[in-house]
Amino acid sequence: MRNLVLFLIVAGITVFSACQKKESEKFKLLTGPTWQADSLLANGVDASGPGGVLSKFGGEAKFNTDGTGTFGQYAGTWQFNNNENEIIITSDSILIPITAVIKELTSVSLKLTTSLITPTPPYTALNIRMTFKAK
């Protein structure tokens, strides 16, 4: 009976340890710091100023470990996509989810690119580049 109890305890610990999710290096790099917007460009032009298409993305971005986050003035969720080479950001305040390609992710730098179509006429294509520095 004693061996059975010991076996069950060891088996339980083994199963619990195996089920814990291992965090990837990219996950740790992304969720570790608070990111400060450094450059927000649309078609190569600063779009972070008042009235700019990216003005609400200015300030800080925080990617929480539970998949929630704040992205400038937006709050929502995020998830990796495409083998952790993209991030999908979703918010009730944004019309459609934004899928951004991770161009660089280090302990001090985050660089993202994406393409969007403006939501109002004349429906212009925008090539977006957002860079952040760790605070």
# chains A, B, ... in the order shown; residues from 1 in each chain; ligands from 1

$ residues_around --residues "region 89-97 of chain A" --least-positions-apart "4" --cutoff "8 Å" --atoms "only C-alpha atoms" --output "PyMOL selection string"
chain A and resi 74-79

$ residues_around --residues "Ala47 (chain A)" --least-positions-apart "3" --cutoff "10 Å" --atoms "only C-alpha atoms" --output "VMD selection string"
chain A and resid 39 to 44 50 to 58 128 to 130

$ closest_residue --among "A:Pro121, A:Phe80, A:Thr131, A:Gly72" --to "Lys103 (chain A)" --atoms "only C-alpha atoms"
A:Thr131

$ atom_distance --atom1 "CA of Gly32 (chain A)" --atom2 "CA of Asn83 (chain A)"
19.3 Å

$ closest_residue --among "A:Phe132, A:Leu126, A:Ser48, A:Lys28" --to "Leu110 (chain A)" --atoms "only C-alpha atoms"
A:Phe132
